[in-house]
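Have a look at model00.txt; it's compact mmCIF, C-alpha atoms:
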```txt
# COMPACT_ATOMS: atom_id res chain seq x y z
CA MET A 176 15.64 25.41 12.83
CA GLU A 177 18.71 23.95 11.25
CA VAL A 178 18.67 22.83 7.65
CA ILE A 179 19.62 19.27 8.55
CA ALA A 180 16.79 19.05 11.09
CA LEU A 181 14.35 20.36 8.49
CA LEU A 182 15.52 17.83 5.90
CA ALA A 183 15.27 15.04 8.47
CA MET A 184 11.72 16.11 9.30
CA ILE A 185 10.74 16.15 5.61
CA ALA A 186 12.33 12.73 5.08
CA LEU A 187 10.47 11.32 8.09
CA ILE A 188 7.15 12.68 6.82
CA LEU A 189 7.76 11.16 3.38
CA ILE A 190 8.64 7.78 4.89
CA VAL A 191 5.50 7.79 7.06
CA LEU A 192 3.33 8.72 4.07
CA ALA A 193 4.90 5.97 1.97
CA MET A 194 4.26 3.42 4.72
CA TYR A 195 0.66 4.58 5.09
CA TRP A 196 -0.03 4.23 1.34
CA LEU A 197 2.02 1.03 0.95
CA PRO A 198 -1.04 -1.23 0.39
CA SER A 199 -2.26 1.06 -2.40
CA ILE A 200 1.20 1.19 -3.98
CA ILE A 201 1.52 -2.61 -3.85
CA GLY A 202 -1.97 -3.03 -5.30
CA TYR A 203 -1.14 -0.64 -8.14
CA TYR A 204 2.10 -2.40 -9.11
CA ARG A 205 0.55 -5.86 -8.78
CA ARG A 206 -2.34 -4.67 -10.99
CA THR A 207 -4.90 -5.82 -8.44
CA PRO A 208 -8.31 -6.06 -10.16
CA ASP A 209 -10.09 -4.33 -7.26
CA ILE A 210 -7.59 -1.49 -6.79
CA VAL A 211 -10.42 0.93 -6.03
CA ARG A 212 -11.40 -1.19 -3.01
CA VAL A 213 -7.78 -1.22 -1.83
CA VAL A 214 -7.40 2.56 -2.15
CA VAL A 215 -10.74 3.34 -0.50
CA THR A 216 -10.05 0.94 2.38
CA ASN A 217 -6.58 2.37 2.78
CA ALA A 218 -7.79 5.97 2.66
CA LEU A 219 -10.70 5.55 5.07
CA LEU A 220 -9.45 2.85 7.45
CA GLY A 221 -5.70 2.84 6.92
CA TRP A 222 -5.11 4.90 10.06
CA THR A 223 -6.17 1.88 12.11
CA ILE A 224 -3.96 -1.18 12.26
CA VAL A 225 -6.83 -3.47 11.28
CA GLY A 226 -7.82 -1.28 8.32
CA TRP A 227 -4.24 -1.09 7.10
CA LEU A 228 -3.88 -4.89 7.36
CA VAL A 229 -7.15 -5.42 5.47
CA ALA A 230 -5.95 -3.08 2.71
CA MET A 231 -2.62 -4.92 2.59
CA PHE A 232 -4.42 -8.27 2.33
CA LEU A 233 -6.60 -6.96 -0.51
CA ALA A 234 -3.54 -5.64 -2.33
CA ALA A 235 -1.37 -8.74 -1.86
CA ARG A 236 -3.85 -11.52 -2.57
CA ALA A 237 -3.66 -13.36 -5.87
CA SER A 238 -6.20 -12.48 -8.51
CA ALA A 239 -8.71 -15.18 -9.46
CA GLY A 240 -7.32 -15.53 -12.98
CA SER A 241 -3.74 -16.12 -11.87
CA LEU A 242 -4.46 -19.09 -9.60
CA GLY A 243 -4.68 -21.72 -12.33
CA LYS A 244 -1.91 -20.45 -14.60
CA PRO A 245 1.51 -22.13 -14.43
CA SER A 246 4.56 -19.99 -13.86
CA ALA A 247 6.86 -19.05 -16.73
CA SER A 248 9.96 -20.68 -15.23
```
Any chance you could put this one into structure tokens?
Amino acid sequence: MEVIALLAMIALILIVLAMYWLPSIIGYYRRTPDIVRVVVTNALLGWTIVGWLVAMFLAARASAGSLGKPSAS
């Protein structure tokens, strides 16, 4: 196997893994209060499209405390 083909395969695997865990990554950086629910949903059901979308929804929704606060701008 050529080195370039091996590097391309490794890069593809890393991209697929990053896409799979994207809801958990987003939830972590948004400091979602129920991050455990996002990670568990993503880990157990993320392989299905519906499970991945549910995890993405849980990660991207606004927290209850941030709904009434005005923005800083």
Legend entry - Best match for closeness to A:Phe232 among A:Val191, A:Ile179, A:Ile185, A:Leu197, counting only C-alpha atoms: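 Closest residue, counting only C-alpha atoms: A:Leu197.
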Inset, instruction - Please write as a PyMOL selection string the list of polymer residues whose atoms come within 10 Å of (-7.7, -5.8, 5.0), counting all atoms listed in the file and keeping to the coordinates of the file. - result: chain A and resi 198+212-213+216-217+220-221+224-235
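Atom CA of A:Ile200 lies 8.9 Å from atom CA of A:Val214.
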Inset, instruction - Find the residues around A:Ala218 up to 9 Å (only C-alpha atoms counted), leave out those fewer than 5 positions away in its own chain, and share them as number ranges by chain. - result: A: 195-196, 199, 213
Inset, instruction - Could you tell me how far atom CA of A:Leu187 lies from atom CA of A:Arg206, in Å and to one decimal? - result: 28.0 Å
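Of note, atom CA of A:Arg205 and atom CA of A:Leu189 are spaced 22.1 Å apart.
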Legend entry - From A:Ala237, A:Trp222, A:Val178, A:Ile210, residue lying nearest A:Met194 [all atoms listed in the file]: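 Ranked by minimum distance to A:Met194, first place goes to A:Trp222.
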